[in-house]
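Shown next: coords_10.txt, given as compact mmCIF, C-alpha atoms.
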# COMPACT_ATOMS: atom_id res chain seq x y z
CA MET C 1 55.80 18.27 107.03
CA THR C 2 57.39 21.45 108.39
CA MET C 3 61.16 21.60 108.02
CA LYS C 4 62.73 22.75 111.30
CA ILE C 5 65.94 24.69 110.76
CA ALA C 6 68.76 25.69 113.12
CA PHE C 7 71.34 28.24 112.00
CA ILE C 8 74.85 27.65 113.28
CA GLY C 9 76.43 30.96 112.43
CA PHE C 10 74.21 33.91 111.52
CA GLY C 11 76.41 36.38 109.70
CA GLY C 12 75.81 37.81 106.24
CA VAL C 13 75.24 34.49 104.47
CA GLY C 14 72.93 33.04 107.12
CA GLN C 15 70.90 36.23 107.31
CA SER C 16 70.67 36.37 103.51
CA LEU C 17 69.17 32.87 103.44
CA ALA C 18 66.72 33.74 106.23
CA LYS C 19 65.61 36.87 104.35
CA ILE C 20 65.17 34.97 101.08
CA MET C 21 63.07 32.33 102.83
CA LYS C 22 60.99 34.94 104.65
CA GLU C 23 60.34 36.96 101.49
CA ARG C 24 59.53 33.90 99.38
CA GLN C 25 57.79 31.78 102.01
CA GLU C 26 54.48 31.66 100.13
CA ASN C 27 56.13 30.81 96.81
CA LEU C 28 58.34 28.12 98.34
CA ASN C 29 55.28 26.51 99.85
CA SER C 30 53.04 26.69 96.78
CA VAL C 31 55.67 25.72 94.20
CA HIS C 32 57.90 23.33 96.14
CA GLY C 33 55.68 22.34 99.06
CA LEU C 34 58.40 23.65 101.38
CA ASP C 35 57.06 24.75 104.75
CA PHE C 36 59.78 25.74 107.20
CA SER C 37 60.31 26.98 110.72
CA VAL C 38 63.55 28.49 112.07
CA VAL C 39 63.77 27.06 115.58
CA ALA C 40 67.28 28.14 116.59
CA VAL C 41 70.15 30.51 115.93
CA ALA C 42 73.57 30.15 117.50
CA ASP C 43 76.28 32.63 116.58
CA MET C 44 79.54 33.42 118.38
CA ARG C 45 78.99 37.16 118.04
CA LEU C 46 75.20 37.49 118.15
CA GLY C 47 74.43 34.90 120.84
CA ALA C 48 71.92 32.06 120.76
CA VAL C 49 68.17 31.56 121.05
CA TYR C 50 65.98 28.48 120.65
CA HIS C 51 62.24 27.98 120.58
CA PRO C 52 60.86 24.53 119.66
CA GLU C 53 57.79 25.99 117.96
CA GLY C 54 59.78 28.40 115.81
CA LEU C 55 61.20 31.91 116.01
CA ASN C 56 59.58 35.02 114.57
CA LEU C 57 62.11 36.20 111.96
CA ASP C 58 60.93 39.82 112.14
CA LEU C 59 61.64 39.91 115.89
CA LEU C 60 64.93 38.12 115.34
CA PHE C 61 66.14 40.69 112.80
CA GLU C 62 64.83 43.51 114.98
CA GLY C 63 67.05 42.36 117.83
CA ILE C 64 70.08 42.17 115.57
CA SER C 65 69.53 45.63 114.07
CA GLU C 66 68.81 47.34 117.41
CA HIS C 67 71.00 45.45 119.86
CA ALA C 68 73.39 43.37 117.73
CA THR C 69 72.24 40.22 119.48
CA VAL C 70 69.55 37.58 119.11
CA GLU C 71 69.26 37.20 122.87
CA THR C 72 66.87 40.16 123.22
CA TYR C 73 64.26 37.93 121.57
CA PRO C 74 61.02 37.89 123.64
CA GLU C 75 60.85 34.95 126.04
CA ASP C 76 58.21 32.48 127.14
CA HIS C 77 58.46 29.28 129.16
CA GLN C 78 59.84 27.35 126.13
CA THR C 79 62.55 29.81 125.09
CA ILE C 80 66.18 28.86 125.76
CA LYS C 81 69.07 31.28 125.35
CA GLY C 82 72.84 30.98 125.55
CA TRP C 83 73.37 27.50 124.14
CA SER C 84 76.68 26.84 122.39
CA SER C 85 76.69 25.72 118.78
CA LEU C 86 77.15 22.08 119.76
CA GLU C 87 74.39 22.28 122.39
CA THR C 88 72.07 23.77 119.76
CA ILE C 89 72.85 20.96 117.34
CA LYS C 90 72.43 18.24 119.96
CA HIS C 91 69.43 19.50 121.91
CA SER C 92 67.26 21.50 119.50
CA ASN C 93 64.45 19.81 117.58
CA ALA C 94 65.90 20.94 114.23
CA ASP C 95 65.75 18.53 111.29
CA VAL C 96 68.48 20.35 109.39
CA ILE C 97 71.47 22.41 110.44
CA VAL C 98 72.48 25.38 108.29
CA GLU C 99 76.21 25.52 109.01
CA VAL C 100 77.60 28.94 108.03
CA THR C 101 80.25 29.69 110.63
CA PHE C 102 83.59 31.31 109.92
CA THR C 103 85.81 28.27 109.52
CA ASP C 104 89.56 27.77 109.42
CA VAL C 105 90.17 26.16 106.03
CA LYS C 106 93.45 24.67 107.30
CA THR C 107 91.68 22.59 109.96
CA GLY C 108 88.08 22.65 108.77
CA GLU C 109 87.00 23.59 112.28
CA PRO C 110 84.61 24.26 113.86
CA ALA C 111 82.53 23.18 110.85
CA ILE C 112 83.80 19.58 110.75
CA SER C 113 82.78 19.10 114.38
CA HIS C 114 79.41 20.74 113.70
CA CYS C 115 78.74 18.41 110.75
CA ARG C 116 79.95 15.32 112.59
CA THR C 117 77.80 16.13 115.64
CA ALA C 118 74.72 16.81 113.51
CA PHE C 119 75.04 13.54 111.61
CA THR C 120 75.58 11.44 114.73
CA HIS C 121 72.40 12.99 116.16
CA GLY C 122 70.40 12.16 113.02
CA LYS C 123 70.29 15.69 111.64
CA SER C 124 70.96 16.83 108.09
CA VAL C 125 73.40 19.60 107.18
CA VAL C 126 73.64 22.21 104.44
CA THR C 127 76.76 24.36 104.36
CA THR C 128 78.81 26.77 102.29
CA ASN C 129 82.01 26.02 104.20
CA LYS C 130 84.78 24.71 101.95
CA GLY C 131 86.92 23.43 104.83
CA PRO C 132 84.92 20.40 105.98
CA VAL C 133 84.09 19.28 102.43
CA ALA C 134 87.67 19.63 101.16
CA LEU C 135 89.34 18.14 104.25
CA ALA C 136 86.87 15.52 105.45
CA TYR C 137 84.75 14.66 102.40
CA GLU C 138 84.93 10.86 102.64
CA GLU C 139 84.31 10.72 106.39
CA LEU C 140 81.39 13.15 106.39
CA VAL C 141 79.67 11.75 103.29
CA GLN C 142 79.94 8.22 104.68
CA LEU C 143 78.68 9.31 108.11
CA ALA C 144 75.69 11.10 106.56
CA GLU C 145 74.92 8.02 104.47
CA ASP C 146 75.21 5.69 107.47
CA GLN C 147 72.82 7.87 109.47
CA GLY C 148 70.38 8.30 106.58
CA VAL C 149 70.63 12.09 106.57
CA PHE C 150 71.26 14.74 103.90
CA PHE C 151 74.56 16.56 103.32
CA GLY C 152 74.34 19.56 100.99
CA PHE C 153 77.29 21.77 100.03
CA GLU C 154 76.39 23.27 96.64
CA GLY C 155 77.73 26.71 97.60
CA THR C 156 81.29 25.56 98.32
CA VAL C 157 82.55 25.85 94.73
CA MET C 158 80.70 28.58 92.83
CA SER C 159 78.26 29.95 95.38
CA GLY C 160 74.74 30.08 93.87
CA THR C 161 75.94 28.88 90.45
CA PRO C 162 75.20 25.12 90.52
CA ALA C 163 78.66 23.80 89.67
CA LEU C 164 78.10 20.61 91.69
CA ARG C 165 74.42 20.00 90.97
CA MET C 166 74.80 20.27 87.19
CA PRO C 167 77.24 17.38 86.61
CA GLU C 168 75.35 15.25 89.12
CA THR C 169 71.89 15.74 87.61
CA THR C 170 71.78 17.53 84.24
CA LEU C 171 74.92 15.81 82.92
CA ALA C 172 74.15 12.42 84.45
CA GLY C 173 75.24 9.54 82.21
CA ASN C 174 78.31 11.30 80.84
CA GLN C 175 81.86 10.30 81.56
CA ILE C 176 83.54 13.55 82.61
CA THR C 177 87.21 13.44 81.65
CA GLU C 178 88.26 16.94 82.64
CA ILE C 179 87.02 19.86 84.71
CA LYS C 180 88.64 23.25 84.28
CA GLY C 181 87.58 26.67 85.33
CA ILE C 182 88.04 30.09 86.83
CA LEU C 183 86.98 29.52 90.42
CA ASN C 184 88.20 32.68 92.12
CA GLY C 185 86.58 35.98 91.18
CA THR C 186 89.12 38.15 92.98
CA THR C 187 92.08 36.97 90.94
CA ASN C 188 90.10 37.03 87.69
CA TYR C 189 89.10 40.62 88.38
CA MET C 190 92.74 41.52 89.05
CA ILE C 191 93.98 39.87 85.86
CA THR C 192 91.27 41.65 83.86
CA GLU C 193 92.37 44.99 85.33
CA MET C 194 96.00 44.21 84.51
CA GLU C 195 94.94 43.56 80.92
CA LYS C 196 93.67 47.17 80.95
CA GLY C 197 97.12 48.40 82.01
CA LEU C 198 97.04 48.41 85.82
CA SER C 199 100.02 47.06 87.73
CA TYR C 200 99.56 44.03 90.01
CA LYS C 201 99.75 46.32 93.05
CA ASP C 202 97.14 48.75 91.70
CA ALA C 203 94.83 45.93 90.59
CA LEU C 204 94.98 44.44 94.08
CA GLU C 205 94.28 47.77 95.74
CA LYS C 206 91.28 48.33 93.45
CA ALA C 207 89.96 44.84 94.23
CA GLN C 208 90.30 45.56 97.96
CA LYS C 209 88.47 48.90 97.66
CA LEU C 210 85.59 47.17 95.85
CA GLY C 211 85.41 44.43 98.48
CA TYR C 212 86.54 41.64 96.15
CA ALA C 213 89.80 41.10 98.04
CA GLU C 214 90.35 40.86 101.79
CA ALA C 215 92.80 43.07 103.68
CA ASP C 216 94.99 39.94 103.71
CA PRO C 217 94.50 38.65 100.13
CA THR C 218 96.79 35.63 100.49
CA SER C 219 94.11 32.95 100.17
CA ASP C 220 92.93 34.40 96.86
CA VAL C 221 96.12 35.57 95.18
CA GLU C 222 98.18 32.50 96.10
CA GLY C 223 95.49 30.16 94.76
CA TYR C 224 94.56 28.56 98.09
CA ASP C 225 90.83 29.32 97.76
CA ALA C 226 90.72 27.71 94.30
CA ARG C 227 92.79 24.76 95.56
CA TYR C 228 90.10 23.83 98.11
CA LYS C 229 87.44 24.07 95.40
CA VAL C 230 89.47 21.80 93.11
CA SER C 231 89.74 19.28 95.93
CA ILE C 232 85.94 19.31 96.34
CA LEU C 233 85.39 18.88 92.59
CA SER C 234 87.80 15.97 92.47
CA SER C 235 86.11 14.24 95.41
CA HIS C 236 82.49 14.88 94.48
CA VAL C 237 82.45 14.88 90.67
CA MET C 238 85.42 12.66 89.79
CA ARG C 239 84.92 10.39 92.84
CA SER C 240 88.65 10.60 93.45
CA PRO C 241 89.50 12.42 96.70
CA ILE C 242 92.62 14.56 96.48
CA PRO C 243 93.57 16.38 99.71
CA PRO C 244 94.13 20.12 99.18
CA HIS C 245 97.82 19.87 100.11
CA GLU C 246 98.34 17.41 97.22
CA VAL C 247 96.92 19.83 94.62
CA GLU C 248 99.67 21.54 92.63
CA CYS C 249 99.15 25.22 93.45
CA GLU C 250 100.54 28.50 92.13
CA GLY C 251 98.85 31.86 92.49
CA ILE C 252 99.05 35.10 90.49
CA SER C 253 101.48 37.04 92.70
CA GLY C 254 104.19 36.34 90.11
CA LEU C 255 102.19 37.89 87.28
CA ASN C 256 103.14 41.34 86.01
CA LEU C 257 102.28 43.64 83.13
CA GLU C 258 105.18 42.37 81.03
CA LYS C 259 103.90 38.80 81.15
CA ILE C 260 100.33 39.92 80.45
CA ARG C 261 101.48 41.92 77.40
CA ASP C 262 103.72 39.13 76.10
CA ALA C 263 100.73 36.79 76.17
CA TRP C 264 98.61 39.33 74.29
CA LYS C 265 101.28 39.62 71.57
CA ASP C 266 101.00 35.86 71.05
CA GLY C 267 97.20 35.96 70.88
CA GLU C 268 96.77 34.56 74.39
CA LYS C 269 95.48 35.61 77.79
CA TYR C 270 96.45 34.66 81.31
CA ARG C 271 93.81 33.09 83.52
CA LEU C 272 94.16 31.38 86.90
CA ILE C 273 92.95 27.93 85.84
CA ALA C 274 91.74 25.31 88.29
CA ARG C 275 91.95 21.91 86.62
CA VAL C 276 91.05 18.28 87.40
CA GLU C 277 92.02 15.70 84.78
CA LYS C 278 91.25 12.01 84.53
CA SER C 279 93.60 9.90 82.43
CA SER C 280 94.29 6.17 82.38
CA GLY C 281 92.34 5.67 85.57
CA SER C 282 94.21 8.31 87.58
CA VAL C 283 93.16 11.83 88.51
CA LYS C 284 95.40 14.83 89.00
CA ALA C 285 94.56 18.38 89.99
CA SER C 286 96.21 21.77 89.75
CA VAL C 287 95.68 25.50 90.19
CA LYS C 288 98.03 27.82 88.30
CA PRO C 289 98.16 30.78 85.90
CA GLU C 290 97.93 29.51 82.34
CA ARG C 291 98.21 31.16 78.94
CA ILE C 292 95.15 30.23 76.93
CA PRO C 293 94.17 31.17 73.35
CA MET C 294 91.98 34.24 72.88
CA ASP C 295 89.24 32.04 71.41
CA ASP C 296 89.13 29.76 74.46
CA PRO C 297 85.73 30.31 76.15
CA LEU C 298 87.48 30.92 79.49
CA ALA C 299 89.49 33.78 77.94
CA GLY C 300 86.24 35.68 77.50
CA VAL C 301 85.40 35.45 81.21
CA THR C 302 86.24 38.86 82.69
CA GLY C 303 85.88 40.67 85.99
CA ALA C 304 84.82 38.86 89.16
CA THR C 305 82.82 36.25 87.23
CA ASN C 306 83.49 32.53 87.73
CA ALA C 307 83.22 29.83 85.07
CA ILE C 308 83.61 26.07 84.86
CA VAL C 309 83.92 23.74 81.88
CA TYR C 310 83.03 20.04 81.95
CA GLU C 311 84.49 17.88 79.20
CA CYS C 312 81.90 15.13 78.63
CA ASP C 313 82.12 12.08 76.37
CA LEU C 314 78.49 12.41 75.22
CA ALA C 315 77.55 16.07 75.65
CA GLY C 316 80.90 17.48 74.62
CA SER C 317 82.26 20.63 76.26
CA ILE C 318 79.74 22.24 78.62
CA MET C 319 80.48 25.61 80.21
CA LEU C 320 78.68 27.23 83.14
CA THR C 321 79.27 30.82 84.22
CA GLY C 322 77.97 32.93 87.08
CA ALA C 323 78.79 34.78 90.25
CA GLY C 324 81.15 32.86 92.50
CA ALA C 325 80.47 35.00 95.56
CA GLY C 326 78.01 37.46 97.05
CA LEU C 327 75.69 37.26 100.05
CA THR C 328 72.48 36.77 98.08
CA GLU C 329 74.07 34.24 95.73
CA THR C 330 75.62 32.26 98.58
CA GLY C 331 72.39 32.38 100.58
CA TYR C 332 70.61 31.07 97.49
CA SER C 333 73.03 28.13 97.25
CA LEU C 334 71.80 27.02 100.68
CA LEU C 335 68.22 27.32 99.49
CA ILE C 336 69.04 25.01 96.54
CA ASP C 337 70.20 22.38 99.02
CA LEU C 338 67.20 22.85 101.31
CA ILE C 339 64.79 22.38 98.39
CA HIS C 340 66.59 19.18 97.37
CA TYR C 341 66.62 17.96 100.96
CA HIS C 342 62.87 18.58 101.12
CA LYS C 343 62.30 16.66 97.86
CA GLN C 344 64.42 13.78 99.10
CA ARG C 345 62.44 13.35 102.31
CA THR C 346 59.01 13.90 100.76
CA PRO C 347 57.33 10.75 99.33
CA THR C 348 56.57 11.03 95.62
CA LYS C 349 52.86 11.19 94.88
CA ILE C 350 51.58 8.55 92.45

As structure tokens - that is how I would like this structure written.
Amino acid sequence: MTMKIAFIGFGGVGQSLAKIMKERQENLNSVHGLDFSVVAVADMRLGAVYHPEGLNLDLLFEGISEHATVETYPEDHQTIKGWSSLETIKHSNADVIVEVTFTDVKTGEPAISHCRTAFTHGKSVVTTNKGPVALAYEELVQLAEDQGVFFGFEGTVMSGTPALRMPETTLAGNQITEIKGILNGTTNYMITEMEKGLSYKDALEKAQKLGYAEADPTSDVEGYDARYKVSILSSHVMRSPIPPHEVECEGISGLNLEKIRDAWKDGEKYRLIARVEKSSGSVKASVKPERIPMDDPLAGVTGATNAIVYECDLAGSIMLTGAGAGLTETGYSLLIDLIHYHKQRTPTKI
């Protein structure tokens, strides 16, 4: 059964997924039985195009590279152009919506509306948007379940590193009592540079030059990005929803070389630690700079790398490290979800 896909948003992440799927189409089909067709793209900047029998990805990318729009795509009597994102979700024949718009993490929009609309129209969703999962987890998961559709959001915590899939599948059967990790590569890179002697200001400027930090770095350096990820981990792994605004949050803007050096003298390092703890039936979450011993596995995580540790009653302490960002990695996280969606809807052969 061919999987029909509609992209809502077609920036770097969406295009990365499309390129991965195009390049690996034969392998995906032979290994996973995944046959796909991209039937629609709707993007605020690039425009929108829909064809029920599928779009030619080479022609689609050609239009973007030459004209910065998808609406130069060759037409026939079935081609429709100019639909809004909601019209594309409602009226296309897509089975699954790849939701990769730029979303306001304070409101979760427009992604929450995109997910809600898709589910009510019987369509599955895979997304890398933190906003809707952190702010509307219970509603969207319940709505997807009620409609019998798939909701995948692996890439919302550690991009292509399977921080959500691992506890759900590989660590199944364990009681997880604590999750802690380094969930923001920008701040970890900055702290690592400060350990080499750079001031906070110089470390931030270097991170911005390398593309790790935005021109406005507030979301990273004040811990807001990690706070949304902690909220998702609490909801999905601990089954205890904690709204982002209830997560204790402190960033690294108060760190300086003196504090970094004082920690070193005591055999410790600073790391921005995201933490979810379960104790006596209650769950609490926090994001804040912590001094941890040099022999703590998280102390050895340097640069823009992310890491997460699951404390399990049976398996013990399990640590997963990997890139927490990057276009290819984030595009791959969507592919993980699409493969699992395909497996879920494909009857098992006996």

key: Nearest to Val141 (chain C), chosen from C:Gly63, C:Pro241, C:Gly181, C:Gly47, with all atoms listed in the file counted in the distances   =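 Among C:Gly63, C:Pro241, C:Gly181, C:Gly47, it is C:Pro241 that comes nearest to Val141 (chain C).
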
What would the list of residues within 10 Å of (93.8, 23.8, 90.0) (file frame) look like as a CSV table (one decimal) with C-alpha atoms, in the frame of the given file, if only C-alpha atoms are what count?
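This is the output file part_1.csv:
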chain,number,residue,atom,x,y,z
C,179,ILE,CA,87.0,19.9,84.7
C,180,LYS,CA,88.6,23.2,84.3
C,181,GLY,CA,87.6,26.7,85.3
C,182,ILE,CA,88.0,30.1,86.8
C,183,LEU,CA,87.0,29.5,90.4
C,223,GLY,CA,95.5,30.2,94.8
C,224,TYR,CA,94.6,28.6,98.1
C,225,ASP,CA,90.8,29.3,97.8
C,226,ALA,CA,90.7,27.7,94.3
C,227,ARG,CA,92.8,24.8,95.6
C,228,TYR,CA,90.1,23.8,98.1
C,229,LYS,CA,87.4,24.1,95.4
C,230,VAL,CA,89.5,21.8,93.1
C,231,SER,CA,89.7,19.3,95.9
C,244,PRO,CA,94.1,20.1,99.2
C,247,VAL,CA,96.9,19.8,94.6
C,248,GLU,CA,99.7,21.5,92.6
C,249,CYS,CA,99.2,25.2,93.4
C,250,GLU,CA,100.5,28.5,92.1
C,251,GLY,CA,98.8,31.9,92.5
C,272,LEU,CA,94.2,31.4,86.9
C,273,ILE,CA,93.0,27.9,85.8
C,274,ALA,CA,91.7,25.3,88.3
C,275,ARG,CA,92.0,21.9,86.6
C,276,VAL,CA,91.0,18.3,87.4
C,277,GLU,CA,92.0,15.7,84.8
C,284,LYS,CA,95.4,14.8,89.0
C,285,ALA,CA,94.6,18.4,90.0
C,286,SER,CA,96.2,21.8,89.8
C,287,VAL,CA,95.7,25.5,90.2
C,288,LYS,CA,98.0,27.8,88.3
C,289,PRO,CA,98.2,30.8,85.9

inquiry  = From the options C:Ile20, C:Ala42, C:Val31, C:Ala48, which residue's atoms come nearest to Lys343 (chain C), counting only C-alpha atoms?
reply    =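 Nearest to Lys343 (chain C): C:Val31.
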
message = Could you check the closest approach to Arg291 (chain C) for each of C:Ala40, C:Ile191, C:Ile112, C:Leu59 and tell me which residue wins, using all atoms listed in the file?
response = C:Ile191

query = Do you know which residues are at most 12 Å from Thr69 (chain C) counting all atoms listed in the file, after dropping those on the same chain fewer than 6 positions away, and could you put them as a PyMOL selection string?
reply = chain C and resi 10-11+41-49+59-63+81-82

query = For Met238 (chain C), which residue among C:Thr328, C:Asn306, C:Asn27, C:Gln175 is the nearest when counting all atoms listed in the file?
reply =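 Counting all atoms listed in the file, the residue closest to Met238 (chain C) is C:Gln175.
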
task = Can you work out the spacing between CA of Gly131 (chain C) and CA of Thr101 (chain C) in Å, to one decimal?
result = 10.8 Å

query = By how many Å are CA of Thr330 (chain C) and CA of Val98 (chain C) apart?
reply =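 Atom-to-atom, CA of Thr330 (chain C) to CA of Val98 (chain C), that is 12.3 Å.
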
request  = One decimal, Å: what's the distance from CA of Lys196 (chain C) over to CA of Thr305 (chain C), could you say?
outcome  =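 Spanning CA of Lys196 (chain C) to CA of Thr305 (chain C) is a straight-line distance of 16.6 Å.
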
task = Tell me which protein, DNA and RNA residues are within 12 Å of Gly173 (chain C), counting all atoms listed in the file, leaving out same-chain ones fewer than 5 positions away, and put them as a list in words.
result =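 Skipping anything fewer than 5 positions along the chain leaves Met166, Pro167, Glu168, Cys312, Asp313, Leu314 and Ala315 of chain C.
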
ask   = Nearest to Ala111 (chain C) among C:Ile242, C:Val125, C:Leu198, C:Met3, with distances taken over all atoms listed in the file: which residue is it?
value =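 Among the listed residues, C:Val125 lies closest to Ala111 (chain C).
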
request  = Compile the contact shell of Thr127 (chain C) as a PyMOL selection string: residues with an atom at most 9 Å away, counting only C-alpha atoms, same-chain residues fewer than 5 positions apart removed.
outcome  = chain C and resi 97-101+111+115+151-156+333-334+337

Set out as CSV a contact list for region 250-320 of chain C and region 158-165 of chain C with a cut-off of 10 Å, giving each residue of region 250-320 of chain C that qualifies its closest atom pair and distance in Å to one decimal, counting only C-alpha atoms, ordered by chain and rising residue number.
residue,atom,partner,partner_atom,distance
C:Thr305,CA,C:Met158,CA,9.7
C:Asn306,CA,C:Met158,CA,7.0
C:Ala307,CA,C:Met158,CA,8.3
C:Ile308,CA,C:Ala163,CA,7.3
C:Val309,CA,C:Ala163,CA,9.4
C:Tyr310,CA,C:Ala163,CA,9.6
C:Met319,CA,C:Ala163,CA,9.8
C:Leu320,CA,C:Ala163,CA,7.4

ask   = Using all atoms listed in the file, which residues sit within 6 Å of Lys278 (chain C) once same-chain residues fewer than 2 positions away are excluded, as number ranges by chain?
value = C: 177, 282-283

request  = Identify which of the residues C:Asn184, C:Thr302, C:Asn29, C:Thr169 lies closest to Val237 (chain C), counting all atoms listed in the file when measuring atom-to-atom distances.
outcome  =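 Once distances to Val237 (chain C) are computed over all atoms listed in the file, the minimum belongs to C:Thr169.
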
request  = Within 9 Å of (56.6, 30.6, 107.0) (coordinates as in the file), grab all the protein and nucleic acid residues, counting all atoms listed in the file, and write them out as a PyMOL selection string.
outcome  = chain C and resi 21-22+24-26+29+35-38

As a JSON list (two decimals), in the frame of the given file, could you write out region 24-31 of chain C once it has been completed with all heavy atoms?
[["chain", "number", "residue", "atom", "x", "y", "z"],
["C", 24, "ARG", "N", 60.10, 34.80, 100.38],
["C", 24, "ARG", "CA", 59.53, 33.90, 99.38],
["C", 24, "ARG", "C", 58.80, 32.71, 100.02],
["C", 24, "ARG", "O", 58.60, 31.69, 99.38],
["C", 24, "ARG", "CB", 60.64, 33.39, 98.47],
["C", 24, "ARG", "CG", 61.39, 34.53, 97.82],
["C", 24, "ARG", "CD", 62.09, 34.15, 96.57],
["C", 24, "ARG", "NE", 62.71, 35.32, 95.96],
["C", 24, "ARG", "CZ", 63.35, 35.32, 94.81],
["C", 24, "ARG", "NH1", 63.45, 34.20, 94.12],
["C", 24, "ARG", "NH2", 63.87, 36.42, 94.32],
["C", 25, "GLN", "N", 58.41, 32.88, 101.27],
["C", 25, "GLN", "CA", 57.79, 31.78, 102.01],
["C", 25, "GLN", "C", 56.56, 31.22, 101.29],
["C", 25, "GLN", "O", 56.41, 30.00, 101.15],
["C", 25, "GLN", "CB", 57.40, 32.25, 103.42],
["C", 25, "GLN", "CG", 56.90, 31.13, 104.31],
["C", 25, "GLN", "CD", 56.85, 31.55, 105.76],
["C", 25, "GLN", "OE1", 57.07, 32.72, 106.09],
["C", 25, "GLN", "NE2", 56.59, 30.60, 106.65],
["C", 26, "GLU", "N", 55.71, 32.11, 100.80],
["C", 26, "GLU", "CA", 54.48, 31.66, 100.13],
["C", 26, "GLU", "C", 54.80, 30.91, 98.85],
["C", 26, "GLU", "O", 54.23, 29.85, 98.55],
["C", 26, "GLU", "CB", 53.58, 32.86, 99.83],
["C", 26, "GLU", "CG", 52.22, 32.48, 99.28],
["C", 26, "GLU", "CD", 51.33, 33.70, 99.09],
["C", 26, "GLU", "OE1", 51.39, 34.64, 99.91],
["C", 26, "GLU", "OE2", 50.57, 33.70, 98.10],
["C", 27, "ASN", "N", 55.74, 31.45, 98.07],
["C", 27, "ASN", "CA", 56.13, 30.81, 96.81],
["C", 27, "ASN", "C", 56.79, 29.46, 97.05],
["C", 27, "ASN", "O", 56.52, 28.48, 96.34],
["C", 27, "ASN", "CB", 57.07, 31.73, 96.03],
["C", 27, "ASN", "CG", 57.58, 31.10, 94.74],
["C", 27, "ASN", "OD1", 58.65, 30.50, 94.72],
["C", 27, "ASN", "ND2", 56.81, 31.23, 93.67],
["C", 28, "LEU", "N", 57.67, 29.38, 98.03],
["C", 28, "LEU", "CA", 58.34, 28.12, 98.34],
["C", 28, "LEU", "C", 57.34, 27.04, 98.73],
["C", 28, "LEU", "O", 57.50, 25.87, 98.39],
["C", 28, "LEU", "CB", 59.37, 28.33, 99.47],
["C", 28, "LEU", "CG", 60.61, 29.15, 99.11],
["C", 28, "LEU", "CD1", 61.40, 29.50, 100.36],
["C", 28, "LEU", "CD2", 61.49, 28.40, 98.12],
["C", 29, "ASN", "N", 56.30, 27.47, 99.42],
["C", 29, "ASN", "CA", 55.28, 26.51, 99.85],
["C", 29, "ASN", "C", 54.41, 26.07, 98.68],
["C", 29, "ASN", "O", 54.16, 24.88, 98.49],
["C", 29, "ASN", "CB", 54.43, 27.13, 100.95],
["C", 29, "ASN", "CG", 53.55, 26.09, 101.64],
["C", 29, "ASN", "OD1", 52.68, 25.53, 101.00],
["C", 29, "ASN", "ND2", 53.77, 25.86, 102.92],
["C", 30, "SER", "N", 53.97, 27.03, 97.88],
["C", 30, "SER", "CA", 53.04, 26.69, 96.78],
["C", 30, "SER", "C", 53.73, 25.96, 95.64],
["C", 30, "SER", "O", 53.15, 25.05, 95.03],
["C", 30, "SER", "CB", 52.37, 27.96, 96.25],
["C", 30, "SER", "OG", 53.33, 28.86, 95.72],
["C", 31, "VAL", "N", 54.97, 26.32, 95.34],
["C", 31, "VAL", "CA", 55.67, 25.72, 94.20],
["C", 31, "VAL", "C", 56.40, 24.43, 94.59],
["C", 31, "VAL", "O", 56.37, 23.44, 93.87],
["C", 31, "VAL", "CB", 56.67, 26.72, 93.57],
["C", 31, "VAL", "CG1", 57.47, 26.06, 92.45],
["C", 31, "VAL", "CG2", 55.93, 27.94, 93.03]]
